[in-house]
Structure formats: structure tokens, C-alpha cells
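A.B. asks: I am sharing query.cif, which consists of mmCIF, C-alpha atoms:
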```cif
data_my_file
loop_
_atom_site.label_atom_id
_atom_site.label_comp_id
_atom_site.auth_asym_id
_atom_site.auth_seq_id
_atom_site.Cartn_x
_atom_site.Cartn_y
_atom_site.Cartn_z
CA MET A 1 41.94 63.01 10.15
CA LYS A 2 38.93 61.24 11.58
CA LYS A 3 36.21 63.50 12.85
CA PRO A 4 36.00 63.20 16.66
CA VAL A 5 32.83 61.64 17.98
CA ARG A 6 31.36 62.60 21.32
CA ARG A 7 31.40 59.82 23.94
CA THR A 8 27.90 58.76 24.91
CA THR A 9 27.06 58.24 28.57
CA VAL A 10 24.21 56.58 30.45
CA SER A 11 22.51 59.96 30.82
CA ASP A 12 21.86 59.87 27.07
CA PHE A 13 19.61 56.84 27.42
CA THR A 14 15.87 57.04 28.06
CA PRO A 15 14.09 53.84 29.13
CA ILE A 16 10.53 53.59 27.81
CA SER A 17 7.96 50.85 27.24
CA ARG A 18 6.57 50.26 23.78
CA TYR A 19 2.88 49.51 24.05
CA GLY A 20 2.25 45.87 23.26
CA GLU A 21 5.79 45.16 22.14
CA GLY A 22 7.90 45.13 25.27
CA PRO A 23 10.53 47.55 26.51
CA LEU A 24 12.87 49.58 24.39
CA LEU A 25 15.80 51.73 25.41
CA VAL A 26 16.50 54.54 23.00
CA LEU A 27 19.37 56.96 22.84
CA THR A 28 17.69 60.34 22.87
CA ASN A 29 20.47 62.90 23.09
CA PRO A 30 19.64 65.24 20.19
CA ALA A 31 23.30 66.01 19.57
CA ALA A 32 24.12 62.35 19.10
CA VAL A 33 21.05 60.97 17.34
CA GLN A 34 19.26 61.72 14.10
CA LEU A 35 16.73 58.89 14.25
CA ARG A 36 13.70 58.96 16.52
CA ASN A 37 11.19 56.40 17.79
CA PRO A 38 8.01 57.07 15.75
CA LEU A 39 5.84 55.70 18.57
CA TYR A 40 6.89 58.48 20.92
CA GLN A 41 8.11 61.29 18.72
CA ARG A 42 7.06 62.83 15.49
CA GLN A 43 7.96 60.70 12.50
CA ALA A 44 11.50 61.49 11.44
CA ASP A 45 12.84 61.89 7.95
CA PRO A 46 13.48 58.26 6.85
CA GLN A 47 16.90 59.36 5.57
CA PRO A 48 17.36 56.82 2.76
CA ALA A 49 20.99 57.85 2.35
CA LEU A 50 22.02 56.66 5.81
CA ARG A 51 25.28 54.74 5.83
CA ALA A 52 23.56 51.86 7.62
CA ILE A 53 21.21 51.49 4.65
CA GLU A 54 23.64 52.16 1.83
CA THR A 55 26.64 50.22 3.16
CA ALA A 56 25.15 47.90 5.84
CA LEU A 57 27.30 49.60 8.47
CA ALA A 58 25.74 48.05 11.56
CA LEU A 59 26.70 45.81 14.48
CA HIS A 60 24.67 44.06 17.16
CA GLU A 61 25.00 41.86 20.19
CA GLN A 62 22.57 39.94 22.38
CA VAL A 63 22.17 38.57 25.88
CA GLU A 64 19.35 37.02 27.85
CA ASP A 65 18.15 37.98 31.32
CA PRO A 66 16.68 34.96 33.12
CA ARG A 67 14.67 35.56 36.29
CA GLN A 68 15.42 33.55 39.37
CA GLN A 69 12.90 33.10 42.17
CA LEU A 70 14.78 33.65 45.42
CA ARG A 71 13.15 34.11 48.81
CA LEU A 72 9.87 34.88 47.06
CA GLU A 73 11.48 37.87 45.37
CA ALA A 74 12.08 38.05 41.64
CA GLU A 75 15.66 39.01 40.90
CA PRO A 76 16.44 39.76 37.26
CA ARG A 77 19.92 38.53 36.49
CA ILE A 78 21.95 38.71 33.34
CA ALA A 79 23.89 35.58 32.49
CA HIS A 80 27.50 35.99 31.33
CA ALA A 81 27.38 39.68 32.21
CA GLU A 82 31.04 40.46 31.76
CA HIS A 83 31.20 38.36 28.60
CA SER A 84 27.91 39.36 26.97
CA LEU A 85 27.01 42.81 28.23
CA ALA A 86 30.56 44.03 28.06
CA ARG A 87 30.74 43.39 24.33
CA LEU A 88 29.88 47.06 23.98
CA ALA A 89 30.92 48.19 27.44
CA ALA A 90 33.90 49.64 29.22
CA HIS A 91 35.61 46.35 30.09
CA PRO A 92 38.30 45.88 27.43
CA GLU A 93 39.66 42.73 29.06
CA ALA A 94 36.39 40.80 28.62
CA PRO A 95 36.39 38.32 25.70
CA ALA A 96 33.05 39.61 24.45
CA GLN A 97 34.21 43.22 24.60
CA GLN A 98 37.13 42.17 22.44
CA ARG A 99 34.67 40.59 20.00
CA LEU A 100 32.60 43.72 19.69
CA MET A 101 35.65 45.93 19.40
CA SER A 102 37.03 43.62 16.72
CA GLY A 103 33.73 44.18 14.94
CA VAL A 104 34.12 47.91 15.33
CA ALA A 105 37.58 47.68 13.83
CA ALA A 106 36.47 45.31 11.06
CA VAL A 107 33.94 47.78 9.67
CA ASP A 108 36.02 50.82 10.67
CA LEU A 109 33.56 52.28 13.16
CA TYR A 110 34.94 54.80 15.59
CA GLU A 111 35.88 53.25 18.89
CA ASN A 112 35.15 54.73 22.30
CA LYS A 113 31.95 56.43 21.17
CA ILE A 114 29.57 54.72 23.57
CA GLY A 115 29.56 54.73 27.34
CA ASP A 116 28.98 52.01 29.89
CA VAL A 117 26.61 49.65 28.12
CA SER A 118 26.40 47.36 31.12
CA ARG A 119 24.94 50.28 33.03
CA ALA A 120 22.61 51.11 30.14
CA LEU A 121 21.19 47.59 30.23
CA GLU A 122 20.81 47.80 33.99
CA VAL A 123 18.75 50.98 33.54
CA LEU A 124 16.52 49.31 30.98
CA VAL A 125 15.91 46.11 32.97
CA SER A 126 15.35 48.06 36.20
CA GLN A 127 12.78 50.25 34.49
CA ASP A 128 10.97 47.36 32.84
CA ARG A 129 11.62 44.49 35.23
CA GLU A 130 7.99 43.39 35.02
CA TRP A 131 8.63 42.36 31.42
CA VAL A 132 11.09 39.69 32.59
CA PRO A 133 9.26 36.33 32.34
CA THR A 134 9.02 34.07 35.37
CA ALA A 135 8.56 30.70 33.61
CA LEU A 136 11.48 28.28 33.44
CA GLU A 137 13.80 28.93 30.50
CA HIS A 138 11.84 32.03 29.51
CA SER A 139 13.91 35.19 29.41
CA LEU A 140 14.13 38.84 28.46
CA TYR A 141 16.13 38.99 25.26
CA LEU A 142 18.33 42.10 25.15
CA ARG A 143 19.93 43.35 21.97
CA PRO A 144 22.34 46.29 22.01
CA PHE A 145 23.09 47.50 18.50
CA MET A 146 24.57 50.43 16.66
CA ILE A 147 24.08 51.73 13.14
CA ALA A 148 25.72 54.44 11.08
CA THR A 149 23.48 57.50 10.70
CA GLN A 150 25.61 59.85 8.60
CA ARG A 151 24.00 60.65 5.26
CA GLY A 152 25.98 59.88 2.15
CA LEU A 153 26.11 57.54 -0.83
CA GLY A 154 29.88 57.22 -1.06
CA VAL A 155 31.77 54.12 0.01
CA ASN A 156 35.19 55.69 0.49
CA HIS A 157 34.96 56.27 4.26
CA PRO A 158 32.90 55.09 7.24
CA SER A 159 30.34 57.15 9.12
CA SER A 160 31.11 59.86 11.65
CA GLU A 161 27.66 59.67 13.26
CA TYR A 162 26.08 56.65 14.92
CA LEU A 163 22.94 55.57 16.72
CA PHE A 164 23.25 53.19 19.65
CA CYS A 165 20.11 51.47 20.95
CA VAL A 166 19.05 48.58 23.12
CA ILE A 167 15.89 46.67 22.32
CA ALA A 168 14.37 44.01 24.53
CA SER A 169 11.71 41.39 24.12
CA PRO A 170 10.28 38.70 26.42
CA ALA A 171 11.18 35.34 24.88
CA ALA A 172 9.62 31.95 25.47
CA SER A 173 11.61 28.74 25.76
CA TYR A 174 13.34 27.80 22.52
CA PHE A 175 12.08 24.25 23.01
CA ALA A 176 8.45 24.59 24.11
CA SER A 177 7.83 20.83 24.11
CA GLY A 178 11.25 19.63 25.19
CA VAL A 179 14.69 19.58 23.62
CA LYS A 180 14.51 18.05 20.15
CA PRO A 181 17.36 17.34 17.71
CA VAL A 182 17.50 19.33 14.49
CA THR A 183 18.25 18.24 10.94
CA VAL A 184 20.95 20.28 9.20
CA TRP A 185 21.83 20.99 5.59
CA LEU A 186 25.48 21.21 4.50
CA SER A 187 25.70 24.28 2.29
CA GLN A 188 28.14 23.48 -0.51
CA GLU A 189 26.78 26.14 -2.86
CA TYR A 190 26.75 29.23 -0.64
CA THR A 191 29.36 30.72 1.68
CA ARG A 192 28.70 32.78 4.78
CA ALA A 193 32.16 34.30 5.13
CA ALA A 194 35.66 34.22 3.66
CA PRO A 195 39.09 34.78 5.23
CA GLY A 196 39.88 38.44 5.63
CA GLY A 197 36.21 39.42 5.81
CA THR A 198 33.76 40.12 8.63
CA GLY A 199 32.65 36.55 9.42
CA GLY A 200 34.03 36.76 12.93
CA VAL A 201 31.95 39.77 13.96
CA LYS A 202 28.22 40.40 14.31
CA THR A 203 27.68 42.86 11.50
CA GLY A 204 24.39 43.08 9.63
CA GLY A 205 25.71 42.13 6.22
CA ASN A 206 26.68 38.65 7.44
CA TYR A 207 23.07 37.86 8.28
CA ALA A 208 21.62 39.26 5.08
CA ALA A 209 23.92 36.98 3.11
CA ALA A 210 22.73 33.92 5.03
CA PHE A 211 19.04 33.93 4.15
CA VAL A 212 19.32 32.26 0.74
CA ALA A 213 21.22 29.26 2.12
CA GLN A 214 18.87 29.00 5.09
CA GLN A 215 15.89 28.94 2.75
CA GLN A 216 17.60 26.24 0.72
CA ALA A 217 17.96 24.20 3.92
CA VAL A 218 14.26 24.60 4.66
CA ASP A 219 13.40 23.59 1.09
CA GLN A 220 15.41 20.40 1.65
CA GLY A 221 13.40 19.58 4.76
CA CYS A 222 16.05 20.75 7.20
CA ASP A 223 15.90 23.06 10.18
CA GLN A 224 19.23 24.83 9.82
CA VAL A 225 22.15 25.35 7.46
CA VAL A 226 25.70 24.33 8.31
CA TRP A 227 28.34 26.62 6.85
CA LEU A 228 31.53 25.22 5.34
CA ASP A 229 34.80 26.95 4.51
CA ALA A 230 34.84 29.25 1.49
CA ALA A 231 37.86 27.70 -0.26
CA ASP A 232 37.17 23.96 -0.33
CA HIS A 233 33.64 23.58 1.08
CA ARG A 234 34.96 20.71 3.21
CA TRP A 235 35.76 22.14 6.61
CA VAL A 236 32.86 22.58 9.02
CA GLU A 237 32.50 26.07 10.47
CA GLU A 238 29.15 26.74 12.21
CA MET A 239 25.41 26.12 12.11
CA GLY A 240 23.36 29.16 11.16
CA GLY A 241 24.43 31.68 13.79
CA MET A 242 25.53 29.02 16.30
CA ASN A 243 28.80 27.26 17.03
CA LEU A 244 29.07 23.47 16.65
CA PHE A 245 30.51 20.89 19.05
CA PHE A 246 31.37 17.27 18.30
CA VAL A 247 31.29 14.69 21.10
CA ARG A 248 33.45 11.59 21.16
CA GLY A 249 33.36 8.89 23.79
CA GLY A 250 29.95 10.01 25.00
CA ASP A 251 29.08 6.40 25.84
CA THR A 252 32.28 5.90 27.84
CA GLY A 253 33.67 7.23 31.08
CA ASN A 254 36.03 9.60 29.26
CA PRO A 255 33.99 11.80 26.91
CA TRP A 256 35.49 14.80 25.19
CA ILE A 257 34.14 17.59 23.03
CA ALA A 258 35.69 19.47 20.12
CA THR A 259 34.67 22.64 18.31
CA PRO A 260 36.16 24.17 15.14
CA PRO A 261 38.90 26.69 15.94
CA LEU A 262 38.34 30.40 15.43
CA THR A 263 39.72 31.28 12.02
CA GLY A 264 38.19 34.72 11.57
CA THR A 265 35.30 33.33 9.52
CA LEU A 266 33.10 32.07 12.36
CA LEU A 267 31.77 33.80 15.44
CA PRO A 268 33.55 33.51 18.79
CA GLY A 269 30.31 32.65 20.57
CA ILE A 270 29.88 33.44 24.25
CA THR A 271 28.10 30.12 24.84
CA ARG A 272 30.95 28.40 22.99
CA ASP A 273 33.47 30.04 25.29
CA SER A 274 31.36 29.11 28.32
CA LEU A 275 31.26 25.44 27.35
CA LEU A 276 35.00 25.30 26.77
CA LYS A 277 35.40 26.47 30.37
CA LEU A 278 32.51 24.51 31.92
CA ALA A 279 33.11 21.09 30.35
CA PRO A 280 36.48 20.40 32.02
CA GLN A 281 34.89 21.22 35.39
CA LEU A 282 32.49 18.35 34.70
CA GLY A 283 35.20 15.91 33.70
CA VAL A 284 34.71 16.43 29.96
CA LYS A 285 37.82 17.32 28.01
CA ALA A 286 37.29 20.29 25.64
CA VAL A 287 39.47 21.12 22.64
CA GLU A 288 39.42 23.23 19.50
CA GLU A 289 40.17 21.28 16.33
CA PRO A 290 38.94 21.27 12.71
CA ILE A 291 36.70 18.62 11.19
CA THR A 292 35.69 17.92 7.59
CA THR A 293 32.29 16.79 6.36
CA ASP A 294 33.79 13.46 5.26
CA GLN A 295 35.25 12.94 8.71
CA TRP A 296 31.89 13.83 10.31
CA GLN A 297 30.11 11.20 8.21
CA ALA A 298 32.79 8.52 8.61
CA GLU A 299 33.05 8.89 12.39
CA CYS A 300 29.28 8.71 12.76
CA ALA A 301 29.22 5.52 10.70
CA ALA A 302 32.00 4.03 12.82
CA GLY A 303 30.32 4.99 16.07
CA GLU A 304 33.27 7.19 17.08
CA LEU A 305 31.30 10.44 16.93
CA THR A 306 28.61 9.87 19.53
CA GLU A 307 26.90 13.28 19.68
CA VAL A 308 26.81 16.64 17.88
CA PHE A 309 25.27 19.83 19.16
CA ALA A 310 25.12 23.54 18.40
CA CYS A 311 25.19 26.32 20.98
CA GLY A 312 24.05 29.93 21.13
CA THR A 313 22.32 32.55 23.25
CA ALA A 314 18.68 31.73 22.52
CA ALA A 315 18.68 27.92 22.46
CA VAL A 316 21.71 27.47 24.78
CA ILE A 317 22.40 23.97 23.36
CA THR A 318 20.63 22.30 20.43
CA PRO A 319 21.29 18.62 19.57
CA VAL A 320 21.95 17.74 15.93
CA GLY A 321 20.26 14.49 14.97
CA ARG A 322 20.53 14.23 11.20
CA VAL A 323 22.74 15.64 8.43
CA LYS A 324 21.87 16.08 4.74
CA SER A 325 23.72 17.36 1.69
CA GLU A 326 23.48 17.16 -2.08
CA THR A 327 25.32 13.84 -2.09
CA ALA A 328 24.77 12.20 1.29
CA ALA A 329 22.63 11.88 4.40
CA TRP A 330 23.34 10.32 7.76
CA THR A 331 22.10 10.14 11.34
CA VAL A 332 24.07 11.11 14.41
CA ALA A 333 23.92 8.37 17.07
CA GLY A 334 20.34 7.34 16.43
CA GLY A 335 19.11 10.91 16.07
CA GLU A 336 18.43 11.44 19.78
CA PRO A 337 19.98 13.91 22.26
CA GLY A 338 23.05 12.39 23.88
CA PRO A 339 23.94 12.31 27.58
CA VAL A 340 26.92 14.68 27.28
CA THR A 341 24.85 17.19 25.32
CA MET A 342 22.03 17.17 27.84
CA ARG A 343 24.31 17.30 30.87
CA LEU A 344 26.18 20.33 29.55
CA ARG A 345 22.91 22.05 28.76
CA GLU A 346 21.43 21.32 32.18
CA GLU A 347 24.54 22.49 34.02
CA LEU A 348 24.82 25.73 32.03
CA VAL A 349 21.13 26.59 32.41
CA ALA A 350 21.34 25.85 36.14
CA ILE A 351 24.17 28.37 36.48
CA GLN A 352 22.29 30.95 34.43
CA TYR A 353 19.22 30.70 36.65
CA GLY A 354 21.16 30.60 39.90
CA HIS A 355 20.14 27.03 40.72
CA LYS A 356 23.82 26.06 40.99
CA PRO A 357 26.88 28.04 42.10
CA ASP A 358 28.61 30.20 39.51
CA PRO A 359 32.35 29.52 39.82
CA PHE A 360 33.18 31.69 36.81
CA GLY A 361 31.62 35.02 37.79
CA TRP A 362 29.24 34.97 34.81
CA ILE A 363 26.09 36.08 36.63
CA HIS A 364 25.43 39.78 37.14
CA LYS A 365 22.55 40.85 39.36
CA VAL A 366 20.72 43.73 37.70
CA CYS A 367 18.24 44.93 40.32
#
```
Go ahead and express the file in the form of C-alpha cells.
C.D. replies:
Amino acid sequence: MKKPVRRTTVSDFTPISRYGEGPLLVLTNPAAVQLRNPLYQRQADPQPALRAIETALALHEQVEDPRQQLRLEAEPRIAHAEHSLARLAAHPEAPAQQRLMSGVAAVDLYENKIGDVSRALEVLVSQDREWVPTALEHSLYLRPFMIATQRGLGVNHPSSEYLFCVIASPAASYFASGVKPVTVWLSQEYTRAAPGGTGGVKTGGNYAAAFVAQQQAVDQGCDQVVWLDAADHRWVEEMGGMNLFFVRGGDTGNPWIATPPLTGTLLPGITRDSLLKLAPQLGVKAVEEPITTDQWQAECAAGELTEVFACGTAAVITPVGRVKSETAAWTVAGGEPGPVTMRLREELVAIQYGHKPDPFGWIHKVC
């Protein structure tokens, strides 16, 4: 029988400001936590046998809090609140909550052990609202995460004790000098995830396994790695930690976008989900369909594939201008950002910052 775990509530959270590093929300209930913040409490036992260290039992999420200037008052708002904040919160019907809970199930964490995370983030941002940047496309990056804190070296069962925290950091614009296309490396030697694994959830082990391939991409003069399927290394999955979209007919009056379907090996990104909903509202058809690397190259050469972009929380949308692999290299539509890519980015950012109406209910006013 699984050991019952006490449900954490907002009263267990203490908002504080870390000197010189931005705000941090720590869970401080002594009955629920074994780790402590060394900046504010006596240094704790490092506990090298923690499950999070020995078995990489950890999950995280992220969301950004843009600040909108309205009637000369700064109003911190969290974009995609129900979809991003609720990944750990008490809204089981939200797509992002389902993603987090699927992560909990994938690594066999105990469900229902944390309280209203949306409220926890509200407490943090309200306490430290002065940390929210005011510059355009700057934001307060929020990361809720949880790690296993039970001591033990065995791998025959998950942890019965967990630490839940939220960390936050002011973040500058991803593109300080304007949106620029990236060059990507097709990883045919390394695999991020395989069917039946944890590729579809944000667990720490996925990211640790990605560093070697990312370094290989850098060594090849590329900005990011593109992951392919584990079986054949032909089917495109995602770019780094971002989902990919392929644009056809971008130079016509009937453009449409396609993104690889969710197979359990790539992340169900919140920005991905947002674009699948937003694009049709702008007259851009959006579908989920697979694409191979050969097809990517051939359609670029034929002029059929007019744009490619990646999407994620930090960058929102990043154009892909050039592709390289061990055996080939090609340019996507002249290597410049395309009109469909830029329009989608502008429209999504405008909704996030409150410059345009939000027909989807994504924006959540914090304080």
C-alpha cells in the first residue's frame, strides 16, 4: 500500500526575495519539507541519498508573466494561466494540468499532494511584483517544480516525500536585437526519447540526456538540435525543448501549418496548443501530421515548404532558417523569417501582453 502523503496548501508557501537573484517561493512547512534554503536558514544536510539525486525523480513546468501598462498602472498578468499554471494546480480539465499529471503518473509520483498552484504563483507574484520587468517582451519567468526528497538508494519504488517549490527570475527578450532565424542540427546519432518512456513529460532525466546532442549541434556550428524518432531516425519530432511547425503556402492566400502529432515521445507544448487554436482564427489552417527529414529537404527544394518555426515559452516563436546533418544541408525559404511565422508570433505576443483581445481565456490577472 502506498504511504499517504499530506496535501499541501497555499499556507505552506512562504514568499521571499533572494538578494540579487530575484524572487523565490519556498515550501516551508517542516512536516512536508526536508530541504531548506541556505540563504535564509541554516545549511541543511545535503542528503546525497535523496531520490531526486539517485533516480532523477523530478518534474518541472514554466510560465511567463508579462507586464502590461494599463491606465498608468502596472498589472502583472500570467499568459495561458489555465493552461500553464494549472499544470500543477487543481484544474484537472486543463490540458496543461493533464500534462503535468501524466508526468506524475509516468514517474509514479503520488498525485494530489500539492494544493492550488495557481494561487501559490499569485502569492509569489503579488509579493514580488516589482521584479516583473516593464520592457516589451521582457517577463518574469516562473518555474514550479517538485523533487523527491525521501532518502534511499533503492530503485524498486518511488518516493513518499516530496519538495514543491516555485522559482522566478526576470528574463530579458529572447531576441534582444530582433527575431533571427536559427540553424538546426538533425541528430541522427542520439535520441531524446523512445516510445513507452517519459519523452512526453517534463522530467529532469529528459533534459540531462539532451546535453550531448546539443553540444554536438554547437560543435557543428548550429544553434539547436532537432530530435528524430528513436526507431528509424527519419521522423521529425521537436527542436531542443520546443515544438516544430512547418508552413506551406506561406506565399499564397491560403497558408497552412502542420506540426508533428503527439506520440508520447515529444512534449505537448502549451505554445503549440495555443498556435493550433489561434491560427485558424487568423485564416491559417492548422493540422497535426508527421514529416520525415527527406520530405523536409525535398519540399524546401521544391518551394512547397515556405517556412519552418519552433515554438516554446521563452522564445514564443523562433524561425528556422537553415538545416544541417551528417549528409546534407539546406536553407528554408532563403533563410529569413516568413510572413506567416511573424504574424503568428505578433498576434500571440499581443494577446499575452493585453494589446489585443483574448478570445480564449488564456490571460489571468494576478494582482
A.B. asks: I'd like the contact shell of Pro280 in chain A - 10 Å cut-off, all atoms listed in the file, skipping same-chain residues fewer than 5 positions apart - returned as a PyMOL selection string.
C.D. replies: chain A and resi 256-257+275+285-287
A.B. asks: Using all atoms listed in the file, which of the listed residues (A:Asp128, A:Ile147, A:Val182, A:Ala302) sits closest to Glu161 in chain A?
C.D. replies: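 Of the candidates, the smallest distance to Glu161 in chain A is held by A:Ile147.
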A.B. asks: Check the smallest atom-to-atom distance from each of A:Ala194, A:Leu344, A:Ile270, A:Leu140 to Asp232 in chain A using all atoms listed in the file, then report the winner.
C.D. replies: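 Looking at the shortest contact to Asp232 in chain A, the residue is A:Ala194.
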A.B. asks: I want to know what sits within 7 Å of Glu237 in chain A, based on all atoms listed in the file, with residues of the same chain fewer than 3 positions away left out; could you give that as a list in words?
C.D. replies: Trp227, Leu228, Asp229, Pro260 and Leu266 of chain A
A.B. asks: Could you check how far CA of Phe246 in chain A sits from CA of Asp273 in chain A, in Å to one decimal?
C.D. replies: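 CA of Asp273 in chain A lies 14.7 Å from CA of Phe246 in chain A.
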A.B. asks: As a list in words, please: the residues near Gly321 in chain A (cut-off 8 Å, all atoms listed in the file, same-chain neighbours under 3 positions excluded).
C.D. replies: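 Near neighbours after the sequence-gap exclusion: Pro181, Val182, Thr183, Val308, Thr331, Val332, Ala333, Gly334, Gly335, Glu336 and Pro337 of chain A.
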A.B. asks: Output the residue selection produced by the PyMOL selection byres ((chain A and resi 150) around 8) on the file above, formatted as a short mmCIF file (atom, residue, chain, number, x, y, z; two decimals) with C-alpha atoms, in the frame of the given file.
C.D. replies:
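expr_21.cif was written with the following content:
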```cif
data_model
loop_
_atom_site.label_atom_id
_atom_site.label_comp_id
_atom_site.auth_asym_id
_atom_site.auth_seq_id
_atom_site.Cartn_x
_atom_site.Cartn_y
_atom_site.Cartn_z
CA LEU A 50 22.02 56.66 5.81
CA ARG A 51 25.28 54.74 5.83
CA ALA A 148 25.72 54.44 11.08
CA THR A 149 23.48 57.50 10.70
CA ARG A 151 24.00 60.65 5.26
CA GLY A 152 25.98 59.88 2.15
CA SER A 159 30.34 57.15 9.12
CA SER A 160 31.11 59.86 11.65
CA GLU A 161 27.66 59.67 13.26
CA TYR A 162 26.08 56.65 14.92
#
```
A.B. asks: Rebuild range 211-228 of chain A to N, CA and C atoms - output it as a CSV table (one decimal), in the frame of the given file, please.
C.D. replies:
```
chain,number,residue,atom,x,y,z
A,211,PHE,N,20.4,34.3,4.3
A,211,PHE,CA,19.0,33.9,4.2
A,211,PHE,C,18.8,33.0,3.0
A,212,VAL,N,19.5,33.1,1.9
A,212,VAL,CA,19.3,32.3,0.7
A,212,VAL,C,19.7,30.8,1.1
A,213,ALA,N,20.8,30.6,1.7
A,213,ALA,CA,21.2,29.3,2.1
A,213,ALA,C,20.3,28.7,3.2
A,214,GLN,N,19.8,29.5,4.1
A,214,GLN,CA,18.9,29.0,5.1
A,214,GLN,C,17.6,28.6,4.4
A,215,GLN,N,17.1,29.3,3.5
A,215,GLN,CA,15.9,28.9,2.8
A,215,GLN,C,16.1,27.6,2.0
A,216,GLN,N,17.3,27.5,1.4
A,216,GLN,CA,17.6,26.2,0.7
A,216,GLN,C,17.5,25.1,1.7
A,217,ALA,N,18.0,25.3,2.9
A,217,ALA,CA,18.0,24.2,3.9
A,217,ALA,C,16.5,23.8,4.2
A,218,VAL,N,15.7,24.8,4.4
A,218,VAL,CA,14.3,24.6,4.7
A,218,VAL,C,13.6,23.8,3.5
A,219,ASP,N,14.0,24.3,2.3
A,219,ASP,CA,13.4,23.6,1.1
A,219,ASP,C,13.8,22.1,1.0
A,220,GLN,N,14.9,21.8,1.6
A,220,GLN,CA,15.4,20.4,1.6
A,220,GLN,C,14.9,19.6,2.9
A,221,GLY,N,14.0,20.2,3.6
A,221,GLY,CA,13.4,19.6,4.8
A,221,GLY,C,14.3,19.6,6.0
A,222,CYS,N,15.1,20.6,6.1
A,222,CYS,CA,16.0,20.8,7.2
A,222,CYS,C,15.7,22.0,8.0
A,223,ASP,N,16.2,22.0,9.3
A,223,ASP,CA,15.9,23.1,10.2
A,223,ASP,C,16.9,24.2,10.1
A,224,GLN,N,18.2,23.8,9.8
A,224,GLN,CA,19.2,24.8,9.8
A,224,GLN,C,20.3,24.5,8.8
A,225,VAL,N,21.1,25.5,8.4
A,225,VAL,CA,22.2,25.4,7.5
A,225,VAL,C,23.5,25.3,8.2
A,226,VAL,N,24.4,24.4,7.8
A,226,VAL,CA,25.7,24.3,8.3
A,226,VAL,C,26.6,24.9,7.3
A,227,TRP,N,27.4,25.9,7.7
A,227,TRP,CA,28.3,26.6,6.8
A,227,TRP,C,29.7,25.9,6.8
A,228,LEU,N,30.2,25.8,5.6
A,228,LEU,CA,31.5,25.2,5.3
A,228,LEU,C,32.5,26.3,4.9
```
